[in-house]
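Colleague: Take a look at the following structure, please.
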Amino acid sequence: FNKTLKLLMLNQWLTVRCVLIPRLKSPGVKRRFRIYSSALLVLQWLTNKDYKGGERFLVKMAAPLTLLVILSVTIRAVLYRSSLAEVISERVEVVSPLTAWKRVVEGLALLDLGVSPYSGDVFHETPLIIYLFHFVVDYAEITFMLADVITAVALYMAVMDYNKQVFRKQKYALEADRYPLDCLELIRSPKEMYYIPLKVAMFYLLNPFTILSCVAKSTCGLNNAVIALFILTTIKGNVLLSAIFLSLATYQSIYPLTLCAPALLYLMQRQFIPVNFRRVSFWWFIAQYAFMYLGSLFVIVGLSFFLLGSWDYVPSVYGFILSVPDLTPNIGLFWYFFAEMFEHFRLFFLCVFQINVFFYTIPLSIKLKEHPVFLIFMQLAVISIFKSYPTVGDIALYMAFLPVWSHLHRFLRNIFLVSCVLLACSALFPVLWHLWIYAGSANSNFYYAITLLFNVAQILLVSDYFYAFLRREHHLSYGLYLKRKDGSEATLVLK
């Protein structure tokens, strides 16, 4: 009854605001009334979920998610029992020298013989991974399927919580009359966002890249699960768990260190701490997060030393990632370039390529400091494109976020072309590999050309979403239909 009364009072207030105010004769009143009516609908959806605390809402969403999980697990189980599993596990697009299951098996064999798995040049995963599979090696298939399910559910819950915050901010902006009159069509409605969390889970679980990575038993799936849990705990506002999962992701692969910036921005935004270098609260929060992050990382590294009894894994894991000694072909940019590189130039260009991953963090953080969740999406994309040993599993993680930005489609410029290029490259990877390695009618230039085109398409995709996001934010601030001083239509240019 109280909720209904509040909604009726709000409706009366909106009616008085839009009908009885002196601006009644203004031509924009009707549009303003429609905007405030939209605010009323948002409030109803936020405060009146089936009048039972959202219980029926959760049931409605949990049932499709359960069916999706069952379907995805069934597909993976069928592929595990097929003859394709062996073929998929050999694909250079799916596994890398870091994540290949065969290398994990080799490391386990050395560990069982009492020899350090890092004594040769075979195993390059972290000690926690090898000791995990030392106990669950007989249930490896279940472990990888469970990792995919955990990733999908974590992303589902994170996006659901993020959508609630988007609605809340949108409601406050509508109440404060911050949006121009012609931006009604840019305001997101509950109906269009209702199934976005489910779409995110579906984009991850049913993505062919994710399925191939799981069937090949690539340890990339475990890394994705850790990053997804980091994203979930960050959006939930749990500072300690966010720092722990970020340290675990950094321990697995150095590159997730760049996710520290969006995590800090989001958590400070959630706790109403301004990003101001002159404020003590700003530096105090960074010090707290850094202490928890470095403390967790110290504990994990110490545990690895305790399990292994030596520091052999440091050069074998992190030195391997940074120095790129194995030039096995993959979908990245490193292997061909450094295969053709003169040795005395190698160190310089190696530093340039590796810094490239971390360099974009600062300008992106400055530009997107008010939108840290979109910054996380951008950073995941940059990591998957520019890391030294990428696989299709890395791409699947950031592509799972594309439904979250479905409202940007009207501003995308090259989405059809980029989608066609990505699909064509994905189909041509095995074809050109066969022509190079087996038929002998092609060479490495053919395979690297399609790899280069694939990465260019990813860069165009990410930059297109970046442009669309900034353009929508600009329209929400200055209006959808921009005019020049002479009254002609203006063109928005991103600089």
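Labels used: A, B, ... for chains in the order of the structure tokens, numbers from 1 for residues in each chain, and numbers from 1 for ligands as shown.
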Name the residues in contact with Val382 of chain A at a cut-off of 7 Å, using only C-alpha atoms, excluding same-chain residues fewer than 4 positions from it; report them as a PDB file with C-alpha atoms, in the first residue's frame.

Modeller:
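So the final result, stored in part_9.pdb, reads:
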ATOM      1  CA  VAL A 357      49.290  -3.333 -23.396  1.00  0.00           C
ATOM      2  CA  MET A 378      37.912  -1.675 -23.005  1.00  0.00           C
ATOM      3  CA  PHE A 386      47.933  -7.099 -27.507  1.00  0.00           C
TER       4      PHE A 386
END

Colleague: Residues within 12 Å of Thr361 of chain A, please, as a ChimeraX atom specification. Count only C-alpha atoms; anything in the same chain fewer than 6 positions from it doesn't count.

Modeller: /A:255-262,355,367-369,372,375-383

Colleague: May I have the selected residues written with N, CA and C atoms, as a short mmCIF file (atom, residue, chain, number, x, y, z; two decimals), in the first residue's frame?

Modeller:
data_model
loop_
_atom_site.label_atom_id
_atom_site.label_comp_id
_atom_site.auth_asym_id
_atom_site.auth_seq_id
_atom_site.Cartn_x
_atom_site.Cartn_y
_atom_site.Cartn_z
N TYR A 255 49.03 -9.37 -17.26
CA TYR A 255 48.27 -8.30 -17.91
C TYR A 255 47.04 -7.81 -17.15
N PRO A 256 46.32 -8.64 -16.37
CA PRO A 256 45.17 -8.10 -15.62
C PRO A 256 45.50 -7.01 -14.62
N LEU A 257 46.80 -6.73 -14.42
CA LEU A 257 47.19 -5.61 -13.57
C LEU A 257 46.54 -4.30 -14.04
N THR A 258 46.30 -4.18 -15.35
CA THR A 258 45.71 -2.95 -15.89
C THR A 258 44.26 -2.76 -15.43
N LEU A 259 43.63 -3.83 -14.93
CA LEU A 259 42.26 -3.71 -14.44
C LEU A 259 42.18 -3.04 -13.08
N CYS A 260 43.33 -2.77 -12.50
CA CYS A 260 43.35 -2.10 -11.19
C CYS A 260 42.74 -0.70 -11.29
N ALA A 261 43.01 0.01 -12.39
CA ALA A 261 42.50 1.39 -12.55
C ALA A 261 40.98 1.45 -12.57
N PRO A 262 40.29 0.67 -13.42
CA PRO A 262 38.82 0.72 -13.38
C PRO A 262 38.24 0.24 -12.06
N ILE A 355 54.86 -2.79 -23.58
CA ILE A 355 54.36 -1.54 -23.01
C ILE A 355 53.03 -1.15 -23.65
N LYS A 367 39.73 9.43 -19.70
CA LYS A 367 38.54 9.70 -20.51
C LYS A 367 37.29 9.05 -19.94
N LEU A 368 37.44 7.88 -19.33
CA LEU A 368 36.28 7.11 -18.87
C LEU A 368 36.23 7.01 -17.34
N LYS A 369 36.73 8.02 -16.66
CA LYS A 369 36.77 7.95 -15.20
C LYS A 369 35.37 7.93 -14.58
N PRO A 372 33.54 3.45 -15.19
CA PRO A 372 34.56 2.41 -14.98
C PRO A 372 34.17 1.04 -15.52
N LEU A 375 35.13 0.98 -18.97
CA LEU A 375 36.59 0.94 -18.98
C LEU A 375 37.10 -0.49 -18.78
N ILE A 376 36.42 -1.27 -17.95
CA ILE A 376 36.79 -2.68 -17.79
C ILE A 376 36.66 -3.42 -19.11
N PHE A 377 35.56 -3.16 -19.81
CA PHE A 377 35.35 -3.78 -21.12
C PHE A 377 36.47 -3.39 -22.09
N MET A 378 36.84 -2.14 -22.12
CA MET A 378 37.91 -1.68 -23.00
C MET A 378 39.24 -2.31 -22.64
N GLN A 379 39.54 -2.41 -21.36
CA GLN A 379 40.82 -2.98 -20.92
C GLN A 379 40.89 -4.48 -21.25
N LEU A 380 39.79 -5.20 -21.07
CA LEU A 380 39.78 -6.62 -21.43
C LEU A 380 40.03 -6.81 -22.92
N ALA A 381 39.46 -5.92 -23.73
CA ALA A 381 39.68 -6.01 -25.18
C ALA A 381 41.13 -5.72 -25.54
N VAL A 382 41.71 -4.70 -24.92
CA VAL A 382 43.10 -4.35 -25.20
C VAL A 382 44.03 -5.50 -24.80
N ILE A 383 43.77 -6.12 -23.66
CA ILE A 383 44.59 -7.25 -23.22
C ILE A 383 44.51 -8.40 -24.20
#

Colleague: Using only C-alpha atoms, determine which residues lie at most 9 Å from Arg188 of chain A, disregarding the query and same-chain residues fewer than 3 positions distant; provide the list as an NGL selection string.

Modeller: :A and (166-167 or 170 or 184-185 or 191-193 or 407)

Colleague: Residues as selected, all heavy atoms, written as a PDB file, in the first residue's frame, can you do that?

Modeller:
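Writing the result to selection16.pdb gives the following:
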ATOM      1  N   VAL A 166      22.516   1.575 -13.177  1.00  0.00           N
ATOM      2  CA  VAL A 166      22.239   2.433 -14.330  1.00  0.00           C
ATOM      3  C   VAL A 166      20.837   3.025 -14.220  1.00  0.00           C
ATOM      4  O   VAL A 166      20.630   4.224 -14.451  1.00  0.00           O
ATOM      5  CB  VAL A 166      22.399   1.635 -15.642  1.00  0.00           C
ATOM      6  CG1 VAL A 166      21.857   2.429 -16.830  1.00  0.00           C
ATOM      7  CG2 VAL A 166      23.854   1.278 -15.876  1.00  0.00           C
ATOM      8  N   PHE A 167      19.857   2.209 -13.852  1.00  0.00           N
ATOM      9  CA  PHE A 167      18.490   2.691 -13.676  1.00  0.00           C
ATOM     10  C   PHE A 167      18.414   3.752 -12.584  1.00  0.00           C
ATOM     11  O   PHE A 167      17.744   4.774 -12.732  1.00  0.00           O
ATOM     12  CB  PHE A 167      17.560   1.533 -13.322  1.00  0.00           C
ATOM     13  CG  PHE A 167      16.977   0.848 -14.515  1.00  0.00           C
ATOM     14  CD1 PHE A 167      17.200  -0.500 -14.723  1.00  0.00           C
ATOM     15  CD2 PHE A 167      16.198   1.528 -15.428  1.00  0.00           C
ATOM     16  CE1 PHE A 167      16.668  -1.144 -15.819  1.00  0.00           C
ATOM     17  CE2 PHE A 167      15.661   0.899 -16.529  1.00  0.00           C
ATOM     18  CZ  PHE A 167      15.893  -0.442 -16.725  1.00  0.00           C
ATOM     19  N   GLN A 170      19.938   6.963 -13.805  1.00  0.00           N
ATOM     20  CA  GLN A 170      19.045   7.550 -14.803  1.00  0.00           C
ATOM     21  C   GLN A 170      17.832   8.191 -14.139  1.00  0.00           C
ATOM     22  O   GLN A 170      17.386   9.267 -14.538  1.00  0.00           O
ATOM     23  CB  GLN A 170      18.618   6.457 -15.787  1.00  0.00           C
ATOM     24  CG  GLN A 170      17.765   6.942 -16.945  1.00  0.00           C
ATOM     25  CD  GLN A 170      17.503   5.849 -17.959  1.00  0.00           C
ATOM     26  OE1 GLN A 170      18.254   5.663 -18.890  1.00  0.00           O
ATOM     27  NE2 GLN A 170      16.419   5.109 -17.772  1.00  0.00           N
ATOM     28  N   LEU A 184      14.734  11.800 -25.136  1.00  0.00           N
ATOM     29  CA  LEU A 184      13.876  10.738 -24.619  1.00  0.00           C
ATOM     30  C   LEU A 184      14.200   9.396 -25.233  1.00  0.00           C
ATOM     31  O   LEU A 184      14.249   8.372 -24.546  1.00  0.00           O
ATOM     32  CB  LEU A 184      12.409  11.094 -24.888  1.00  0.00           C
ATOM     33  CG  LEU A 184      11.397  10.008 -24.512  1.00  0.00           C
ATOM     34  CD1 LEU A 184      11.406   9.756 -23.016  1.00  0.00           C
ATOM     35  CD2 LEU A 184      10.006  10.392 -24.992  1.00  0.00           C
ATOM     36  N   GLU A 185      14.468   9.356 -26.529  1.00  0.00           N
ATOM     37  CA  GLU A 185      14.708   8.084 -27.197  1.00  0.00           C
ATOM     38  C   GLU A 185      16.040   7.450 -26.802  1.00  0.00           C
ATOM     39  O   GLU A 185      16.281   6.282 -27.099  1.00  0.00           O
ATOM     40  CB  GLU A 185      14.656   8.266 -28.711  1.00  0.00           C
ATOM     41  CG  GLU A 185      15.562   9.368 -29.239  1.00  0.00           C
ATOM     42  CD  GLU A 185      15.252   9.710 -30.679  1.00  0.00           C
ATOM     43  OE1 GLU A 185      15.554   8.880 -31.549  1.00  0.00           O
ATOM     44  OE2 GLU A 185      14.709  10.809 -30.925  1.00  0.00           O
ATOM     45  N   LYS A 191      12.227  -2.562 -20.119  1.00  0.00           N
ATOM     46  CA  LYS A 191      11.924  -3.662 -21.030  1.00  0.00           C
ATOM     47  C   LYS A 191      13.141  -4.068 -21.846  1.00  0.00           C
ATOM     48  O   LYS A 191      13.421  -5.256 -22.007  1.00  0.00           O
ATOM     49  CB  LYS A 191      10.773  -3.249 -21.959  1.00  0.00           C
ATOM     50  CG  LYS A 191      10.321  -4.360 -22.896  1.00  0.00           C
ATOM     51  CD  LYS A 191       9.160  -3.896 -23.758  1.00  0.00           C
ATOM     52  CE  LYS A 191       8.717  -5.003 -24.716  1.00  0.00           C
ATOM     53  NZ  LYS A 191       7.592  -4.575 -25.579  1.00  0.00           N
ATOM     54  N   GLU A 192      13.884  -3.087 -22.345  1.00  0.00           N
ATOM     55  CA  GLU A 192      15.032  -3.410 -23.196  1.00  0.00           C
ATOM     56  C   GLU A 192      16.207  -3.957 -22.392  1.00  0.00           C
ATOM     57  O   GLU A 192      17.082  -4.627 -22.930  1.00  0.00           O
ATOM     58  CB  GLU A 192      15.477  -2.176 -23.977  1.00  0.00           C
ATOM     59  CG  GLU A 192      16.158  -1.114 -23.143  1.00  0.00           C
ATOM     60  CD  GLU A 192      16.637   0.070 -23.962  1.00  0.00           C
ATOM     61  OE1 GLU A 192      15.802   0.929 -24.278  1.00  0.00           O
ATOM     62  OE2 GLU A 192      17.831   0.132 -24.282  1.00  0.00           O
ATOM     63  N   MET A 193      16.243  -3.697 -21.076  1.00  0.00           N
ATOM     64  CA  MET A 193      17.358  -4.165 -20.251  1.00  0.00           C
ATOM     65  C   MET A 193      17.030  -5.423 -19.462  1.00  0.00           C
ATOM     66  O   MET A 193      17.908  -5.973 -18.790  1.00  0.00           O
ATOM     67  CB  MET A 193      17.768  -3.057 -19.275  1.00  0.00           C
ATOM     68  CG  MET A 193      18.259  -1.803 -19.961  1.00  0.00           C
ATOM     69  SD  MET A 193      18.843  -0.573 -18.780  1.00  0.00           S
ATOM     70  CE  MET A 193      20.338  -1.338 -18.204  1.00  0.00           C
ATOM     71  N   HIS A 407      22.462  -0.678 -26.446  1.00  0.00           N
ATOM     72  CA  HIS A 407      21.850   0.623 -26.690  1.00  0.00           C
ATOM     73  C   HIS A 407      22.732   1.542 -27.535  1.00  0.00           C
ATOM     74  O   HIS A 407      22.296   2.625 -27.933  1.00  0.00           O
ATOM     75  CB  HIS A 407      21.541   1.307 -25.355  1.00  0.00           C
ATOM     76  CG  HIS A 407      22.747   1.505 -24.481  1.00  0.00           C
ATOM     77  ND1 HIS A 407      23.375   0.461 -23.839  1.00  0.00           N
ATOM     78  CD2 HIS A 407      23.451   2.618 -24.170  1.00  0.00           C
ATOM     79  CE1 HIS A 407      24.408   0.920 -23.148  1.00  0.00           C
ATOM     80  NE2 HIS A 407      24.482   2.233 -23.339  1.00  0.00           N
TER      81      HIS A 407
END

Colleague: Counting only C-alpha atoms, which residues in segment 100-183 of chain A sit no more than 10 Å from segment 289-305 of chain A? For each one, give the nearest pair of atoms and the distance in Å, sorted by chain then residue number, as a Markdown table.

Modeller:
| residue | atom | partner | partner_atom | distance |
| --- | --- | --- | --- | --- |
| A:Thr126 | CA | A:Ser304 | CA | 8.0 |
| A:Pro127 | CA | A:Ser304 | CA | 5.7 |
| A:Leu128 | CA | A:Ser304 | CA | 6.5 |
| A:Ile129 | CA | A:Ser304 | CA | 10.0 |
| A:Tyr131 | CA | A:Ser304 | CA | 9.5 |

Colleague: Can you write out the residues you just picked, keeping N, CA and C atoms, as a CSV table (one decimal), in the first residue's frame?

Modeller:
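Output file again_18.csv is given in full below:
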chain,number,residue,atom,x,y,z
A,126,THR,N,51.2,-21.5,-13.7
A,126,THR,CA,51.6,-21.2,-12.3
A,126,THR,C,51.6,-22.5,-11.5
A,127,PRO,N,52.3,-22.5,-10.3
A,127,PRO,CA,52.3,-23.7,-9.4
A,127,PRO,C,50.9,-24.0,-8.9
A,128,LEU,N,50.0,-23.0,-8.7
A,128,LEU,CA,48.7,-23.3,-8.2
A,128,LEU,C,47.9,-24.1,-9.2
A,129,ILE,N,48.1,-23.8,-10.4
A,129,ILE,CA,47.3,-24.6,-11.5
A,129,ILE,C,47.8,-26.0,-11.5
A,131,TYR,N,49.2,-27.8,-9.1
A,131,TYR,CA,48.8,-28.5,-7.9
A,131,TYR,C,47.3,-28.7,-7.8

Colleague: With only C-alpha atoms as the counted atoms, please give the residues lying no more than 12 Å from Ile70 of chain A, apart from itself and same-chain residues fewer than 3 positions off, as a list in words.

Modeller: Ala63, Pro64, Leu65, Thr66, Leu67, Val73, Thr74, Ile75, Arg76, Ala77, Met145, Leu146, Asp148, Val149, Met202, Leu205 and Leu206 of chain A

Colleague: Emit the selected residues as a compact mmCIF listing (two decimals), in the first residue's frame, including all heavy atoms.

Modeller:
# COMPACT_ATOMS: atom_id res chain seq x y z
N ALA A 63 15.25 -19.51 -14.13
CA ALA A 63 14.86 -20.67 -14.93
C ALA A 63 15.53 -20.67 -16.31
O ALA A 63 16.14 -21.68 -16.70
CB ALA A 63 13.34 -20.72 -15.07
N PRO A 64 15.50 -19.57 -17.08
CA PRO A 64 16.22 -19.57 -18.35
C PRO A 64 17.73 -19.76 -18.19
O PRO A 64 18.37 -20.40 -19.01
CB PRO A 64 15.91 -18.19 -18.95
CG PRO A 64 14.69 -17.73 -18.27
CD PRO A 64 14.74 -18.32 -16.90
N LEU A 65 18.29 -19.18 -17.12
CA LEU A 65 19.72 -19.35 -16.89
C LEU A 65 20.07 -20.81 -16.62
O LEU A 65 21.09 -21.32 -17.11
CB LEU A 65 20.17 -18.47 -15.70
CG LEU A 65 21.65 -18.54 -15.35
CD1 LEU A 65 22.50 -18.02 -16.50
CD2 LEU A 65 21.94 -17.73 -14.08
N THR A 66 19.23 -21.49 -15.86
CA THR A 66 19.46 -22.92 -15.60
C THR A 66 19.40 -23.73 -16.88
O THR A 66 20.25 -24.61 -17.12
CB THR A 66 18.42 -23.44 -14.60
OG1 THR A 66 18.44 -22.64 -13.41
CG2 THR A 66 18.70 -24.89 -14.23
N LEU A 67 18.41 -23.45 -17.72
CA LEU A 67 18.30 -24.15 -19.00
C LEU A 67 19.52 -23.86 -19.88
O LEU A 67 20.03 -24.76 -20.58
CB LEU A 67 17.02 -23.74 -19.72
CG LEU A 67 15.71 -24.19 -19.09
CD1 LEU A 67 14.52 -23.60 -19.85
CD2 LEU A 67 15.61 -25.72 -19.08
N VAL A 73 26.48 -27.17 -20.99
CA VAL A 73 27.21 -28.32 -20.45
C VAL A 73 27.00 -29.55 -21.34
O VAL A 73 27.93 -30.33 -21.59
CB VAL A 73 26.77 -28.61 -19.00
CG1 VAL A 73 27.31 -29.96 -18.52
CG2 VAL A 73 27.24 -27.49 -18.07
N THR A 74 25.78 -29.72 -21.85
CA THR A 74 25.49 -30.85 -22.74
C THR A 74 26.32 -30.77 -24.02
O THR A 74 26.89 -31.77 -24.48
CB THR A 74 23.99 -30.88 -23.10
OG1 THR A 74 23.22 -30.93 -21.89
CG2 THR A 74 23.67 -32.08 -23.97
N ILE A 75 26.40 -29.59 -24.61
CA ILE A 75 27.20 -29.41 -25.83
C ILE A 75 28.66 -29.76 -25.57
O ILE A 75 29.30 -30.48 -26.36
CB ILE A 75 27.07 -27.95 -26.34
CG1 ILE A 75 25.65 -27.69 -26.82
CG2 ILE A 75 28.07 -27.69 -27.47
CD1 ILE A 75 25.39 -26.23 -27.17
N ARG A 76 29.20 -29.29 -24.46
CA ARG A 76 30.59 -29.57 -24.13
C ARG A 76 30.82 -31.04 -23.86
O ARG A 76 31.82 -31.62 -24.31
CB ARG A 76 31.02 -28.73 -22.92
CG ARG A 76 31.22 -27.26 -23.25
CD ARG A 76 31.15 -26.40 -21.99
NE ARG A 76 31.52 -25.01 -22.23
CZ ARG A 76 30.76 -24.10 -22.81
NH1 ARG A 76 29.54 -24.44 -23.23
NH2 ARG A 76 31.18 -22.87 -22.99
N ALA A 77 29.88 -31.67 -23.16
CA ALA A 77 30.02 -33.10 -22.85
C ALA A 77 29.99 -33.95 -24.12
O ALA A 77 30.77 -34.92 -24.27
CB ALA A 77 28.92 -33.54 -21.90
N MET A 145 34.37 -27.32 -17.42
CA MET A 145 32.96 -26.95 -17.61
C MET A 145 32.47 -26.11 -16.44
O MET A 145 31.73 -25.14 -16.62
CB MET A 145 32.11 -28.21 -17.77
CG MET A 145 32.30 -28.91 -19.10
SD MET A 145 31.08 -30.20 -19.45
CE MET A 145 31.57 -31.46 -18.26
N LEU A 146 32.89 -26.49 -15.22
CA LEU A 146 32.50 -25.72 -14.05
C LEU A 146 33.07 -24.30 -14.09
O LEU A 146 32.40 -23.34 -13.69
CB LEU A 146 32.97 -26.44 -12.78
CG LEU A 146 32.56 -25.83 -11.44
CD1 LEU A 146 31.05 -25.84 -11.31
CD2 LEU A 146 33.20 -26.60 -10.28
N ASP A 148 33.64 -22.52 -16.79
CA ASP A 148 32.80 -21.75 -17.72
C ASP A 148 31.47 -21.34 -17.09
O ASP A 148 31.00 -20.22 -17.28
CB ASP A 148 32.54 -22.57 -18.99
CG ASP A 148 33.70 -22.48 -19.98
OD1 ASP A 148 34.68 -21.79 -19.67
OD2 ASP A 148 33.62 -23.12 -21.05
N VAL A 149 30.88 -22.25 -16.35
CA VAL A 149 29.60 -21.95 -15.68
C VAL A 149 29.79 -20.85 -14.64
O VAL A 149 28.98 -19.91 -14.54
CB VAL A 149 29.01 -23.22 -15.05
CG1 VAL A 149 27.80 -22.88 -14.18
CG2 VAL A 149 28.62 -24.22 -16.13
N MET A 202 24.54 -16.01 -22.12
CA MET A 202 24.40 -16.78 -23.35
C MET A 202 25.56 -16.48 -24.31
O MET A 202 26.10 -17.39 -24.95
CB MET A 202 23.07 -16.45 -24.03
CG MET A 202 22.80 -17.26 -25.28
SD MET A 202 21.17 -16.93 -25.98
CE MET A 202 21.39 -15.23 -26.51
N LEU A 205 28.51 -18.56 -22.74
CA LEU A 205 28.42 -20.02 -22.71
C LEU A 205 28.25 -20.64 -24.10
O LEU A 205 28.75 -21.73 -24.36
CB LEU A 205 27.25 -20.44 -21.82
CG LEU A 205 27.47 -20.30 -20.32
CD1 LEU A 205 26.19 -20.67 -19.57
CD2 LEU A 205 28.62 -21.17 -19.84
N LEU A 206 27.53 -19.96 -24.99
CA LEU A 206 27.27 -20.51 -26.32
C LEU A 206 28.17 -19.91 -27.40
O LEU A 206 27.97 -20.20 -28.58
CB LEU A 206 25.80 -20.29 -26.69
CG LEU A 206 24.78 -20.97 -25.77
CD1 LEU A 206 23.36 -20.78 -26.31
CD2 LEU A 206 25.08 -22.46 -25.60

Colleague: Between atom CA of Leu397 of chain A and atom CA of Val87 of chain A, measure the distance and give it in Å to one decimal.

Modeller: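 Value for the atom CA of Leu397 of chain A-atom CA of Val87 of chain A distance: 22.9 Å.
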
Colleague: Which residues are near Pro403 of chain A? Cut-off 7 Å, only C-alpha atoms, ignore same chain within fewer than 6 positions. Put them as a ChimeraX atom specification.

Modeller: /A:196,199-200

Colleague: Store the residues of this selection in a file with N, CA, C and O atoms, as an mmCIF file, in the first residue's frame.

Modeller:
data_model
loop_
_atom_site.group_PDB
_atom_site.id
_atom_site.type_symbol
_atom_site.label_atom_id
_atom_site.label_comp_id
_atom_site.auth_asym_id
_atom_site.auth_seq_id
_atom_site.Cartn_x
_atom_site.Cartn_y
_atom_site.Cartn_z
ATOM 1 N N ILE A 196 19.155 -8.504 -20.589
ATOM 2 C CA ILE A 196 20.575 -8.301 -20.876
ATOM 3 C C ILE A 196 21.473 -9.228 -20.055
ATOM 4 O O ILE A 196 22.413 -9.816 -20.609
ATOM 5 N N LYS A 199 21.425 -12.504 -21.725
ATOM 6 C CA LYS A 199 22.142 -12.454 -23.006
ATOM 7 C C LYS A 199 23.649 -12.502 -22.796
ATOM 8 O O LYS A 199 24.373 -13.124 -23.586
ATOM 9 N N VAL A 200 24.125 -11.855 -21.752
ATOM 10 C CA VAL A 200 25.562 -11.884 -21.454
ATOM 11 C C VAL A 200 26.017 -13.316 -21.154
ATOM 12 O O VAL A 200 27.033 -13.784 -21.679
#
